[in-house]
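The structure appears below as structure tokens.
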Amino acid sequence: MSVIIPAFNRPEMTERAVRSALGQKPRPPAEVIVIDDCSTDSTGRVAAAAGATVVRHERNQGEGAARNTGIAAATQPWIGLLDSDDEWLPHLLATLWPLRDDHALVAGAAMYRGPGPDDLRYSGPTRHQPLVLSSPVTLVYPENVLPASAVLVRRDAVLHAGGFNPVL
């Protein structure tokens, strides 16, 4: 599995994201790729020091283009998406990996922590049983129900779909 982390001017957050990907139990992913989207700070250096492979854009292109660059650089058939301001709990891959079967995409929920100790909210499916969608339309309409940082997707499926929209 390849983990793709787009990053722009977020050295501390990117380091935390890389460490959370590499800290997966019982085993880390094969590679973590950070796409430094032309940061003007130490984001790329910090990501490399934390153990990521860093690919740098020479001009800022945005998150969609950065994800596409990472997917093109990935060497593994499955991609884990992780935003630079997010982190994975240590069991995320162990939870999602066995569910992939013949699916193109598997995902879980994400927990967002606000400033208060009880300020928690969830995004995405929170069921204990897998939910198999009958159509990809369900992912988009009325709104995307899957948080990007909780998604594992087959690389070939993303490439076949044309990748991420670089304008978004």
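Residues are named by chain letter and number: chains run A, B, ... in the order of the structure tokens, numbers start at 1 in each chain, and ligands are numbered from 1 in the order shown.
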Surrounding residues of Val106 (chain A) excluding itself and chain neighbours under 5 positions, 10 Å, only C-alpha atoms, as a ChimeraX atom specification: /A:80,96-101,130-132,146,150-154
Which of region 19-161 of chain A DSSP labels strand (DSSP E or B), written as a list of chain:residue names: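 So, restricting region 19-161 of chain A to strand (DSSP E or B), we get A:Glu31, A:Val32, A:Ile33, A:Val34, A:Ile35, A:Asp36, A:Thr53, A:Val54, A:Val55, A:Arg56, A:Trp78, A:Ile79, A:Gly80, A:Leu81, A:Leu105, A:Val106, A:Ala107, A:Ala110, A:Met111, A:Tyr112, A:Arg113, A:Leu120, A:Arg121, A:Tyr122, A:Ser123, A:Val151, A:Leu152, A:Val153, A:Arg154.
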Between CA of Ala7 (chain A) and CA of Ala104 (chain A) - distance in Å to one decimal: 25.0 Å
Contact residues around region 158-165 of chain A with only C-alpha atoms at 12 Å, ignoring same-chain residues under 3 positions, as a list in words: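 Listing them by chain and then by number gives Gln61, Gly62, Glu63, Gly64, Ala65, Ala66, Arg67, Asn68, Thr69, Gly70, Ile71, Ala72, Ala73, Ala74, Pro77, Trp78, Ile79, Gly80, Leu81, Ala104, Leu105, Pro136, Ala148, Leu152, Val153, Arg154, Arg155 and Leu168 of chain A.
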May I have the residues from that selection written out with N, CA and C atoms, as a short mmCIF file (atom, residue, chain, number, x, y, z; two decimals), in the first residue's frame?
data_model
loop_
_atom_site.label_atom_id
_atom_site.label_comp_id
_atom_site.auth_asym_id
_atom_site.auth_seq_id
_atom_site.Cartn_x
_atom_site.Cartn_y
_atom_site.Cartn_z
N GLN A 61 0.03 23.75 -7.18
CA GLN A 61 -1.00 23.28 -8.11
C GLN A 61 -2.29 22.88 -7.42
N GLY A 62 -2.30 22.82 -6.10
CA GLY A 62 -3.52 22.46 -5.39
C GLY A 62 -3.57 20.98 -5.02
N GLU A 63 -4.53 20.68 -4.15
CA GLU A 63 -4.62 19.35 -3.57
C GLU A 63 -4.92 18.25 -4.58
N GLY A 64 -5.84 18.50 -5.52
CA GLY A 64 -6.17 17.48 -6.52
C GLY A 64 -4.97 17.11 -7.37
N ALA A 65 -4.25 18.10 -7.85
CA ALA A 65 -3.05 17.85 -8.66
C ALA A 65 -1.98 17.16 -7.83
N ALA A 66 -1.84 17.55 -6.56
CA ALA A 66 -0.85 16.91 -5.69
C ALA A 66 -1.19 15.43 -5.49
N ARG A 67 -2.46 15.13 -5.29
CA ARG A 67 -2.85 13.71 -5.16
C ARG A 67 -2.54 12.95 -6.44
N ASN A 68 -2.81 13.55 -7.59
CA ASN A 68 -2.51 12.88 -8.86
C ASN A 68 -1.02 12.62 -9.02
N THR A 69 -0.19 13.57 -8.61
CA THR A 69 1.26 13.37 -8.67
C THR A 69 1.67 12.21 -7.78
N GLY A 70 1.10 12.13 -6.59
CA GLY A 70 1.42 11.04 -5.67
C GLY A 70 0.97 9.69 -6.21
N ILE A 71 -0.20 9.65 -6.79
CA ILE A 71 -0.71 8.39 -7.36
C ILE A 71 0.17 7.94 -8.52
N ALA A 72 0.62 8.89 -9.34
CA ALA A 72 1.53 8.55 -10.45
C ALA A 72 2.86 8.01 -9.92
N ALA A 73 3.32 8.51 -8.80
CA ALA A 73 4.60 8.07 -8.22
C ALA A 73 4.49 6.79 -7.42
N ALA A 74 3.28 6.41 -7.04
CA ALA A 74 3.08 5.23 -6.18
C ALA A 74 3.50 3.95 -6.89
N PRO A 77 -0.37 -1.27 -5.58
CA PRO A 77 -1.68 -1.31 -6.22
C PRO A 77 -2.81 -0.65 -5.43
N TRP A 78 -2.61 -0.44 -4.14
CA TRP A 78 -3.62 0.24 -3.31
C TRP A 78 -3.05 1.54 -2.78
N ILE A 79 -3.92 2.55 -2.71
CA ILE A 79 -3.55 3.90 -2.26
C ILE A 79 -4.34 4.22 -1.00
N GLY A 80 -3.66 4.75 0.00
CA GLY A 80 -4.31 5.31 1.18
C GLY A 80 -4.19 6.82 1.08
N LEU A 81 -5.30 7.50 1.22
CA LEU A 81 -5.30 8.96 1.17
C LEU A 81 -5.22 9.50 2.59
N ALA A 104 -13.21 -1.65 -5.34
CA ALA A 104 -12.28 -0.62 -5.84
C ALA A 104 -11.93 0.36 -4.73
N LEU A 105 -12.77 0.44 -3.71
CA LEU A 105 -12.59 1.44 -2.66
C LEU A 105 -13.17 0.90 -1.36
N PRO A 136 -21.39 4.22 -7.75
CA PRO A 136 -20.47 5.29 -7.32
C PRO A 136 -21.17 6.63 -7.13
N ALA A 148 -11.80 11.96 2.96
CA ALA A 148 -10.66 11.52 2.14
C ALA A 148 -9.63 10.74 2.96
N LEU A 152 -9.21 3.97 1.31
CA LEU A 152 -8.23 3.17 0.60
C LEU A 152 -8.84 2.86 -0.76
N VAL A 153 -8.09 3.08 -1.82
CA VAL A 153 -8.63 2.91 -3.17
C VAL A 153 -7.60 2.23 -4.06
N ARG A 154 -8.09 1.42 -4.98
CA ARG A 154 -7.18 0.79 -5.93
C ARG A 154 -6.60 1.85 -6.86
N ARG A 155 -5.30 1.80 -7.04
CA ARG A 155 -4.60 2.77 -7.89
C ARG A 155 -5.13 2.72 -9.31
N LEU A 168 -10.19 21.42 -8.29
CA LEU A 168 -10.83 21.43 -6.98
C LEU A 168 -9.80 21.51 -5.88
#
Selected residue, from A:Ala30, A:Gly23, A:Asn60, A:Asp85, that lies nearest to Arg10 (chain A) when counting only C-alpha atoms: A:Asp85
Residues within 7 Å of Val46 (chain A), only C-alpha atoms, excluding chain neighbours under 4 positions, as a PyMOL selection string: chain A and resi 11+15+42+50
Distance of CA of Asp156 (chain A) from CA of Cys38 (chain A), expressed in Å to one decimal place: 26.7 Å
